[in-house]
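File shown: protein_28.cif (mmCIF, C-alpha atoms).
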data_start
loop_
_atom_site.label_atom_id
_atom_site.label_comp_id
_atom_site.auth_asym_id
_atom_site.auth_seq_id
_atom_site.Cartn_x
_atom_site.Cartn_y
_atom_site.Cartn_z
CA MET A 15 99.24 103.02 -162.23
CA HIS A 16 97.66 105.90 -160.34
CA SER A 17 99.96 107.58 -157.84
CA VAL A 18 99.52 106.98 -154.12
CA LEU A 19 97.70 109.90 -152.60
CA ARG A 20 99.45 110.18 -149.22
CA SER A 21 101.88 113.02 -149.94
CA GLU A 22 99.27 114.95 -151.90
CA LEU A 23 96.80 114.75 -149.00
CA GLN A 24 99.47 115.59 -146.43
CA ASN A 25 100.52 118.71 -148.31
CA ALA A 26 96.89 119.84 -148.48
CA VAL A 27 96.44 119.24 -144.76
CA VAL A 28 99.71 120.73 -143.56
CA SER A 29 99.21 123.95 -145.49
CA ASN A 30 95.94 124.53 -143.63
CA LEU A 31 97.07 123.61 -140.12
CA PRO A 32 97.99 126.15 -137.45
CA ALA A 33 101.50 125.99 -136.06
CA MET A 34 100.32 124.03 -133.01
CA ALA A 35 97.24 121.87 -132.62
CA SER A 36 95.76 122.15 -129.15
CA THR A 37 93.13 120.67 -126.90
CA ASN A 38 89.86 122.28 -125.91
CA PRO A 39 90.69 125.24 -123.62
CA SER A 40 87.24 125.13 -122.01
CA GLY A 41 87.79 121.55 -120.78
CA THR A 42 85.22 118.80 -121.17
CA VAL A 43 81.77 119.40 -122.58
CA GLN A 44 80.36 117.90 -119.38
CA ASP A 45 81.97 120.80 -117.50
CA VAL A 46 80.69 123.34 -120.01
CA ALA A 47 77.16 121.89 -119.91
CA SER A 48 77.05 122.05 -116.10
CA LYS A 49 77.44 125.85 -116.29
CA GLY A 50 74.33 126.19 -118.45
CA GLU A 51 75.67 128.59 -121.11
CA VAL A 52 76.75 127.65 -124.63
CA PRO A 53 80.17 129.19 -125.44
CA GLU A 54 80.54 130.78 -128.86
CA ARG A 55 83.04 128.13 -129.99
CA TYR A 56 80.20 125.55 -130.07
CA ILE A 57 77.60 127.63 -131.92
CA HIS A 58 76.95 126.74 -135.56
CA LYS A 59 75.66 129.25 -138.07
CA GLU A 60 71.93 128.97 -138.59
CA SER A 61 72.09 127.18 -141.95
CA ASP A 62 74.18 124.35 -140.44
CA ARG A 63 71.99 123.61 -137.43
CA GLY A 64 69.94 120.47 -136.91
CA ALA A 65 66.44 119.87 -138.25
CA ARG A 66 64.68 117.94 -135.49
CA ASN A 67 61.53 117.19 -137.47
CA ALA A 68 63.45 115.30 -140.17
CA PRO A 69 61.76 112.21 -141.67
CA LEU A 70 62.85 108.71 -140.64
CA MET A 71 65.36 107.08 -142.95
CA ALA A 72 64.35 103.91 -144.75
CA ALA A 73 67.67 102.03 -144.60
CA PRO A 74 67.03 98.27 -144.53
CA VAL A 75 67.13 95.89 -141.57
CA ILE A 76 69.50 93.02 -142.46
CA ASP A 77 69.60 89.60 -140.80
CA ILE A 78 73.30 88.75 -140.35
CA ALA A 79 72.51 85.06 -139.81
CA LEU A 80 70.79 84.93 -143.21
CA LEU A 81 73.72 86.72 -144.88
CA SER A 82 76.00 83.94 -143.68
CA SER A 83 73.70 81.15 -144.90
CA SER A 84 74.72 79.87 -148.32
CA SER A 85 71.23 78.53 -149.05
CA LYS A 86 69.12 81.47 -147.84
CA SER A 87 71.32 84.51 -148.46
CA GLY A 88 70.06 85.53 -151.94
CA PRO A 89 67.24 87.96 -151.02
CA GLU A 90 69.20 89.31 -148.03
CA LEU A 91 72.27 89.98 -150.23
CA GLU A 92 70.08 91.89 -152.68
CA LYS A 93 68.62 93.93 -149.83
CA LEU A 94 72.14 94.61 -148.54
CA ARG A 95 73.44 95.75 -151.93
CA HIS A 96 70.48 98.02 -152.54
CA GLY A 97 70.70 99.52 -149.05
CA LEU A 98 74.40 100.30 -149.34
CA GLN A 99 73.93 101.80 -152.80
CA SER A 100 71.09 104.08 -151.73
CA TRP A 101 71.68 104.81 -148.02
CA GLY A 102 75.21 103.59 -147.32
CA CYS A 103 74.01 101.99 -144.08
CA PHE A 104 71.72 99.36 -142.59
CA GLN A 105 70.48 98.02 -139.24
CA ALA A 106 72.02 94.62 -138.43
CA ILE A 107 69.99 92.09 -136.42
CA ASN A 108 70.68 88.46 -135.44
CA HIS A 109 74.35 89.36 -135.09
CA GLY A 110 75.00 86.97 -132.21
CA MET A 111 75.03 89.39 -129.25
CA THR A 112 72.15 89.24 -126.78
CA SER A 113 70.04 92.15 -125.64
CA GLU A 114 71.37 91.72 -122.09
CA TYR A 115 74.98 91.83 -123.30
CA LEU A 116 74.42 95.01 -125.35
CA ASP A 117 72.75 96.57 -122.31
CA GLU A 118 75.86 95.82 -120.26
CA VAL A 119 78.08 97.49 -122.87
CA ARG A 120 75.84 100.58 -122.77
CA GLN A 121 75.72 100.57 -118.99
CA LEU A 122 79.53 100.42 -118.67
CA THR A 123 79.78 103.36 -121.08
CA LYS A 124 77.31 105.40 -118.99
CA GLN A 125 79.09 104.44 -115.78
CA PHE A 126 82.46 105.60 -117.08
CA PHE A 127 81.17 109.02 -118.10
CA GLY A 128 79.32 109.24 -114.79
CA LEU A 129 82.53 108.89 -112.76
CA SER A 130 84.10 111.85 -110.99
CA MET A 131 86.22 114.11 -113.16
CA GLU A 132 89.26 113.10 -111.12
CA GLU A 133 88.67 109.44 -112.01
CA LYS A 134 88.10 110.11 -115.74
CA LEU A 135 91.17 112.33 -115.97
CA LYS A 136 93.35 109.32 -115.13
CA HIS A 137 92.79 108.37 -118.78
CA LEU A 138 93.09 111.87 -120.27
CA LYS A 139 94.39 111.94 -123.81
CA GLU A 140 97.68 113.70 -124.44
CA GLU A 141 98.09 116.64 -126.79
CA HIS A 142 98.34 115.54 -130.44
CA GLU A 143 97.05 112.06 -129.48
CA MET A 144 93.77 110.50 -130.57
CA GLU A 145 93.56 107.91 -127.81
CA GLY A 146 92.21 108.61 -124.36
CA TYR A 147 89.46 110.58 -122.66
CA GLY A 148 88.53 114.14 -123.60
CA ASN A 149 87.47 115.72 -126.86
CA ASP A 150 88.95 116.21 -130.28
CA MET A 151 91.99 118.31 -131.11
CA ILE A 152 91.55 121.93 -132.11
CA LEU A 153 93.34 122.44 -135.41
CA SER A 154 92.24 125.98 -136.25
CA ASN A 155 90.83 129.03 -134.52
CA GLN A 156 87.79 128.84 -136.81
CA GLN A 157 86.95 125.25 -135.82
CA ILE A 158 83.46 124.89 -134.34
CA LEU A 159 83.57 122.41 -131.49
CA ASP A 160 81.40 119.31 -131.10
CA TRP A 161 79.07 119.00 -128.08
CA THR A 162 80.52 115.65 -127.02
CA ASP A 163 83.13 114.05 -124.80
CA ARG A 164 84.64 110.75 -125.82
CA LEU A 165 86.92 107.91 -124.82
CA TYR A 166 88.90 106.76 -127.86
CA LEU A 167 90.73 103.41 -127.75
CA THR A 168 92.57 101.18 -130.20
CA VAL A 169 91.01 97.82 -129.32
CA TYR A 170 92.58 95.53 -131.95
CA PRO A 171 95.19 94.13 -132.45
CA HIS A 172 95.88 93.20 -128.83
CA GLN A 173 99.51 94.37 -128.96
CA SER A 174 98.34 97.87 -129.92
CA ARG A 175 96.20 98.31 -126.81
CA ARG A 176 97.52 101.14 -124.62
CA PHE A 177 96.11 100.16 -121.27
CA LYS A 178 96.86 103.46 -119.56
CA TYR A 179 93.79 104.72 -121.44
CA TRP A 180 91.61 101.68 -120.59
CA PRO A 181 89.52 102.28 -117.46
CA THR A 182 89.66 99.77 -114.60
CA ASN A 183 86.60 101.53 -113.17
CA PRO A 184 83.90 100.35 -113.94
CA GLN A 185 85.35 97.04 -112.88
CA ARG A 186 84.27 94.92 -115.88
CA PHE A 187 85.07 97.58 -118.49
CA ARG A 188 88.24 95.99 -119.90
CA GLU A 189 86.83 92.48 -119.95
CA VAL A 190 83.58 93.42 -121.66
CA VAL A 191 85.25 95.72 -124.21
CA GLY A 192 87.68 92.92 -125.06
CA GLU A 193 84.76 90.52 -125.67
CA TYR A 194 82.82 93.13 -127.64
CA THR A 195 85.85 93.75 -129.87
CA THR A 196 86.10 90.03 -130.72
CA ASN A 197 82.40 89.94 -131.59
CA VAL A 198 82.49 93.11 -133.71
CA LYS A 199 85.55 91.94 -135.65
CA LEU A 200 83.77 88.69 -136.58
CA ILE A 201 80.58 90.56 -137.54
CA SER A 202 82.59 93.05 -139.63
CA GLU A 203 84.27 90.23 -141.55
CA LYS A 204 80.92 88.52 -142.21
CA ILE A 205 79.54 91.81 -143.54
CA LEU A 206 82.56 92.52 -145.76
CA LYS A 207 82.32 89.00 -147.23
CA ALA A 208 78.60 89.48 -147.86
CA MET A 209 79.21 92.86 -149.50
CA ALA A 210 81.63 91.22 -151.93
CA ARG A 211 79.15 88.41 -152.69
CA SER A 212 76.38 90.95 -153.29
CA LEU A 213 78.54 92.34 -156.14
CA ASP A 214 79.18 88.84 -157.56
CA LEU A 215 82.80 88.95 -156.41
CA ASP A 216 84.87 86.41 -154.51
CA GLU A 217 83.87 86.83 -150.87
CA SER A 218 87.46 87.65 -149.83
CA SER A 219 87.79 90.57 -152.29
CA PHE A 220 87.44 93.39 -149.74
CA LEU A 221 89.23 91.57 -146.92
CA SER A 222 92.23 90.65 -149.12
CA GLN A 223 92.76 94.27 -150.10
CA TYR A 224 92.55 95.43 -146.49
CA GLY A 225 95.36 93.12 -145.40
CA GLU A 226 96.24 91.03 -142.35
CA GLN A 227 97.13 93.99 -140.11
CA VAL A 228 93.67 95.52 -139.80
CA LYS A 229 92.94 97.76 -136.83
CA LEU A 230 89.79 98.36 -134.81
CA ASP A 231 89.33 101.65 -132.97
CA ALA A 232 86.47 102.24 -130.54
CA ARG A 233 84.94 105.61 -129.77
CA PHE A 234 82.71 105.80 -126.68
CA ASN A 235 80.59 108.94 -127.04
CA PHE A 236 78.81 110.98 -124.38
CA TYR A 237 76.50 113.83 -125.40
CA PRO A 238 75.52 115.95 -122.36
CA ARG A 239 72.20 117.76 -122.21
CA CYS A 240 72.37 121.22 -123.76
CA ARG A 241 70.20 124.13 -122.66
CA ASN A 242 70.14 125.44 -126.26
CA PRO A 243 70.36 122.30 -128.40
CA ASP A 244 69.35 124.14 -131.57
CA LEU A 245 72.65 126.09 -131.48
CA VAL A 246 75.05 123.13 -131.36
CA LEU A 247 75.78 119.75 -132.93
CA GLY A 248 76.89 116.68 -131.01
CA VAL A 249 79.06 115.80 -134.00
CA LYS A 250 79.43 117.95 -137.11
CA PRO A 251 78.51 116.49 -140.54
CA HIS A 252 81.13 113.99 -141.70
CA ALA A 253 81.63 110.64 -143.38
CA ASP A 254 83.80 107.96 -141.76
CA GLY A 255 87.36 107.22 -142.86
CA SER A 256 86.97 103.53 -142.02
CA ALA A 257 86.14 100.55 -144.23
CA ILE A 258 82.95 100.08 -142.21
CA THR A 259 81.71 101.41 -138.88
CA ILE A 260 79.56 99.46 -136.42
CA LEU A 261 77.54 101.64 -134.06
CA LEU A 262 75.76 100.64 -130.88
CA GLN A 263 73.18 103.37 -130.38
CA ASP A 264 71.70 104.63 -127.13
CA LYS A 265 68.79 102.38 -126.22
CA LYS A 266 66.26 105.21 -125.86
CA VAL A 267 67.62 108.57 -127.02
CA GLU A 268 67.78 109.32 -130.75
CA GLY A 269 70.05 111.94 -132.29
CA LEU A 270 71.85 110.43 -135.27
CA GLN A 271 70.97 111.72 -138.74
CA PHE A 272 72.07 110.65 -142.22
CA MET A 273 72.04 112.74 -145.39
CA LYS A 274 70.54 111.41 -148.62
CA ASP A 275 69.97 113.55 -151.72
CA ASN A 276 70.84 116.70 -149.71
CA GLU A 277 68.16 116.02 -147.12
CA TRP A 278 68.63 114.93 -143.50
CA TYR A 279 66.88 111.82 -142.13
CA ASN A 280 66.62 110.60 -138.54
CA ALA A 281 68.15 107.18 -137.83
CA PRO A 282 65.61 105.18 -135.81
CA ILE A 283 66.57 103.04 -132.84
CA VAL A 284 65.89 99.40 -133.78
CA THR A 285 65.80 97.11 -130.74
CA ASP A 286 69.02 95.11 -130.35
CA ALA A 287 70.31 96.20 -133.77
CA LEU A 288 73.77 97.46 -134.64
CA LEU A 289 73.80 100.31 -137.14
CA VAL A 290 76.41 99.59 -139.83
CA ASN A 291 77.60 102.24 -142.27
CA VAL A 292 80.04 102.21 -145.15
CA GLY A 293 83.22 104.24 -144.70
CA ASP A 294 85.24 106.07 -147.33
CA GLN A 295 87.59 103.14 -147.89
CA VAL A 296 84.79 100.75 -148.93
CA GLU A 297 83.44 103.45 -151.25
CA ILE A 298 86.90 103.54 -152.88
CA THR A 299 87.23 99.73 -153.06
CA SER A 300 83.73 99.38 -154.54
CA ASN A 301 84.54 102.09 -157.10
CA GLY A 302 81.69 104.23 -155.80
CA ILE A 303 78.98 101.55 -155.91
CA PHE A 304 78.62 101.58 -152.12
CA LYS A 305 78.23 105.09 -150.70
CA SER A 306 79.98 106.43 -147.61
CA PRO A 307 77.16 108.52 -146.12
CA VAL A 308 77.48 111.92 -144.49
CA HIS A 309 75.99 111.89 -141.00
CA ARG A 310 75.81 114.07 -137.88
CA VAL A 311 74.50 114.01 -134.31
CA LEU A 312 71.97 116.34 -132.68
CA THR A 313 71.75 117.05 -128.96
CA ASN A 314 68.73 117.75 -126.77
CA SER A 315 67.88 119.69 -123.62
CA GLU A 316 66.23 116.87 -121.67
CA ARG A 317 68.33 113.73 -121.86
CA GLU A 318 71.99 112.88 -122.21
CA ARG A 319 72.92 110.29 -124.83
CA ILE A 320 75.66 107.70 -125.30
CA SER A 321 76.83 105.57 -128.23
CA LEU A 322 79.76 103.33 -129.13
CA ALA A 323 81.28 103.34 -132.61
CA VAL A 324 83.83 100.73 -133.68
CA PHE A 325 85.80 101.54 -136.83
CA TYR A 326 87.16 98.67 -138.96
CA LEU A 327 90.35 100.10 -140.45
CA PRO A 328 92.46 98.55 -143.24
CA ASP A 329 96.19 97.98 -142.81
CA SER A 330 97.74 101.44 -143.15
CA GLU A 331 100.54 100.03 -145.31
CA LYS A 332 98.17 98.55 -147.89
CA GLU A 333 97.12 100.50 -150.96
CA ILE A 334 93.35 100.89 -151.16
CA GLU A 335 91.99 101.18 -154.69
CA PRO A 336 88.94 100.24 -156.77
CA LEU A 337 88.71 96.50 -157.42
CA GLU A 338 89.60 95.70 -161.04
CA GLU A 339 86.41 93.64 -161.49
CA LEU A 340 84.33 96.78 -160.81
CA ILE A 341 86.01 98.91 -163.49
CA ASN A 342 84.68 98.83 -167.05
CA GLU A 343 83.57 101.12 -169.87
CA SER A 344 80.22 101.86 -168.29
CA GLN A 345 81.77 102.24 -164.81
CA PRO A 346 85.21 103.87 -165.25
CA ARG A 347 87.68 104.10 -162.39
CA LEU A 348 86.62 106.89 -160.00
CA TYR A 349 89.39 106.92 -157.38
CA LYS A 350 93.17 107.02 -157.11
CA SER A 351 95.13 104.52 -155.02
CA VAL A 352 95.37 105.67 -151.40
CA LYS A 353 97.54 104.65 -148.48
CA ASN A 354 97.14 105.37 -144.74
CA PHE A 355 93.87 107.14 -145.46
CA VAL A 356 92.91 107.25 -141.78
CA GLY A 357 96.16 108.95 -140.79
CA LEU A 358 94.99 112.03 -142.66
CA TYR A 359 91.25 111.73 -142.20
CA PHE A 360 91.00 113.42 -138.80
CA GLU A 361 92.70 116.64 -139.85
CA TYR A 362 90.26 116.96 -142.74
CA TYR A 363 87.31 116.13 -140.49
CA GLN A 364 88.11 118.85 -137.96
CA GLN A 365 88.19 121.40 -140.78
CA GLY A 366 84.83 120.22 -142.09
CA GLU A 367 86.35 118.80 -145.28
CA ARG A 368 86.26 115.37 -146.93
CA PRO A 369 89.52 113.69 -147.99
CA MET A 370 87.40 111.67 -150.44
CA GLU A 371 87.28 114.70 -152.71
CA ALA A 372 91.08 114.63 -153.04
CA ALA A 373 90.94 110.88 -153.73
CA ARG A 374 88.69 111.30 -156.75
CA ILE A 375 90.18 111.08 -160.23
#

Take the structure I supplied and represent it as C-alpha cells, if you would.
Amino acid sequence: MHSVLRSELQNAVVSNLPAMASTNPSGTVQDVASKGEVPERYIHKESDRGARNAPLMAAPVIDIALLSSSSKSGPELEKLRHGLQSWGCFQAINHGMTSEYLDEVRQLTKQFFGLSMEEKLKHLKEEHEMEGYGNDMILSNQQILDWTDRLYLTVYPHQSRRFKYWPTNPQRFREVVGEYTTNVKLISEKILKAMARSLDLDESSFLSQYGEQVKLDARFNFYPRCRNPDLVLGVKPHADGSAITILLQDKKVEGLQFMKDNEWYNAPIVTDALLVNVGDQVEITSNGIFKSPVHRVLTNSERERISLAVFYLPDSEKEIEPLEELINESQPRLYKSVKNFVGLYFEYYQQGERPMEAARI
C-alpha cells in the first residue's frame, strides 16, 4: 500500500512558508485599480505574461441531457472521454438552468462587487482564512499578486455555511446562491457518473471514492480594469485541487486561457454553457487518463470581468487514489494515495507550484 501523502506535502509546504502569512497590504484590487498605477507586487516577468492573440481552444461542447440518457449517451460519452483526455475540460449545455437564471446569478455577482467598500467589508475574510471577501493570502515576499478580488464561500453542506460571510445585499443573493449550489451539485454528480461510464466503469466509481461528506466551495471573482493589462494576470497559471470545477463565465468578456502542449489557448464564451474542468483529484482517481489542465486569467484595460467557480471537493478524510480497474501492465499506477489534498493545495498554488508533482510515484 502506498503511504498517504499528507505529512510529506505538509513538510514541503511548511519549510517554504514565512513565519506569518498575511493579507494584501495594498487592500483590494478595486482600490488599487482606481488609482491607475500597477504596483510592483502585481507585475509578472515578461516571459510569464499573457498572450492575447492566442488561438481558440477546441474543447468539446457536451450535452448533459444526452449524457444522462441511457439510450443516446454513447457518442456523447465518447466525446466526453476524448475531451477530458486531450483538453481536461468541456463546455456543458442543456444542464437544466435557464439563460435568465444564469443572468441573475451573474447580475448578483456584479451587484455585490459594485457595492460600497463599507458594505463589502462587512464580509471581509479574516487573516489565515479562505472564506470571505478580499484577496488571497500572501505566503511569501516573492509572491506575485493576482489582479482580482473575490468572495469565497463554502456553500455545501448546509451546516458548513458561515453566514457572516454571505451577503444579504443584494437582497436575493443568499437565496439564489443556495439554489445554484443545489443545481451545480446535481450536475457535478451527473458528470462524475458519466466520466466513470466513459471509462467502462461502474457509474458510482468516482463518487464512491469521494465519500458522503463532499464539500462545495464557491469563488465569486471580480477582475477590475487594468491600465496596463499586459503587466499583470487576473489569476496566475494553476490547476485546480478539486475533483471537478464548474465555471460560470462572464457573459461578454473573455479572459480565461488553458494550456495544452505548452501553448496557451483562449476559452471561448459559449452561450448559456458552464465550463467544466477536471481537477487534480480526478486526474489521480483516473490514474492520469483525465488531465487536470493548467489555466490562467488575463485582464484588460476596457472592461471589468466577473466569473463564478464552484469546486466539487471530495471528503477530506477519504483517501484518493487511482482506481484499481485503471491500473495494469500497460498503464501502471502513477500516483500515491492522498488525503486532504485541498488542505494543502492553496499554499502550493500561492507559491506557483503544483502539489500533483509530489503526488506522483

Margin query: I'd like the neighbourhood of A:Pro74 as a PyMOL selection string, where a residue qualifies if any of its atoms comes within 7 Å (using only C-alpha atoms), though same-chain residues fewer than 2 positions away should be ignored.
Written below: chain A and resi 72+76+97+104-105

Notebook entry, point to check: Using only C-alpha atoms, which residues sit within 10 Å of stretch 273-290 of chain A once same-chain residues fewer than 5 positions away are excluded, as a PyMOL selection string?
Noted result: chain A and resi 64-73+75-77+98+100-109+111-117+198+202+205+251-252+258-268+307-312+323-324

Next item on the list: May I have the residues within 9 Å of A:Ser218 as a PyMOL selection string, using only C-alpha atoms and disregarding those fewer than 6 positions away in the same chain?
Entry: chain A and resi 206-207+210-211

Notebook entry, point to check: So, counting only C-alpha atoms, which residue among A:Met144, A:Ile158, A:Leu322, A:Leu348 is closest to A:Thr299?
Noted result: A:Leu348

Next item on the list: Could you jot down the atom CA of A:Lys178 to atom CA of A:Lys136 separation for me, Å, one decimal place?
Entry: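 Going from atom CA of A:Lys178 over to atom CA of A:Lys136, I get 8.1 Å.
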
Notebook entry, point to check: If you apply the PyMOL selection byres ((chain A and resi 134) around 12) to this file, what residues do you get, as a VMD selection string?
Noted result: chain A and resid 42 44 123 125 to 133 135 to 139 146 to 148 163 to 165 178 to 184

Check: Looking at A:Ala372, A:Val169, A:Leu215, A:Met209, which one is nearest to A:Glu338, with distances taken over only C-alpha atoms?
Finding: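 Of A:Ala372, A:Val169, A:Leu215, A:Met209, the one nearest A:Glu338 is A:Leu215, counting only C-alpha atoms.
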
Next item on the list: Determine the residue membership of the PyMOL selection byres ((chain A and resi 160) around 9) for the file above and supply it as number ranges by chain.
Entry: A: 43, 56, 149-150, 158-159, 161-163, 246-250

I would like the residues chosen by the PyMOL selection byres ((chain A and resi 347) around 8) on the shown file; could you give them as a PDB file with C-alpha atoms, keeping the file's coordinate frame?
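Just written: out_8.pdb:
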ATOM      1  CA  ASN A 301      84.540 102.090-157.100  1.00  0.00           C
ATOM      2  CA  PRO A 336      88.940 100.240-156.770  1.00  0.00           C
ATOM      3  CA  ILE A 341      86.010  98.910-163.490  1.00  0.00           C
ATOM      4  CA  ASN A 342      84.680  98.830-167.050  1.00  0.00           C
ATOM      5  CA  GLN A 345      81.770 102.240-164.810  1.00  0.00           C
ATOM      6  CA  PRO A 346      85.210 103.870-165.250  1.00  0.00           C
ATOM      7  CA  LEU A 348      86.620 106.890-160.000  1.00  0.00           C
ATOM      8  CA  TYR A 349      89.390 106.920-157.380  1.00  0.00           C
ATOM      9  CA  ILE A 375      90.180 111.080-160.230  1.00  0.00           C
TER      10      ILE A 375
END

Notebook entry, point to check: atom CA of A:Asn354 and atom CA of A:Asp329, how far apart in Å?
Noted result: 7.7 Å

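Put simply, atom CA of A:Ser344 is 14.4 Å away from atom CA of A:Ser300.
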
Margin query: I'd like to know which of A:Asn314, A:Tyr326, A:Pro243, A:Arg319 is closest to A:Val296, using only C-alpha atoms.
Written below: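 Closest to A:Val296 of all the choices is A:Tyr326.
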
Notebook entry, point to check: Which residue, A:Leu91, A:Ile320, A:Val119, A:Val292, has the smallest gap to A:Tyr237 when you use all atoms listed in the file?
Noted result: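 Of all the options, A:Ile320 lies closest to A:Tyr237.
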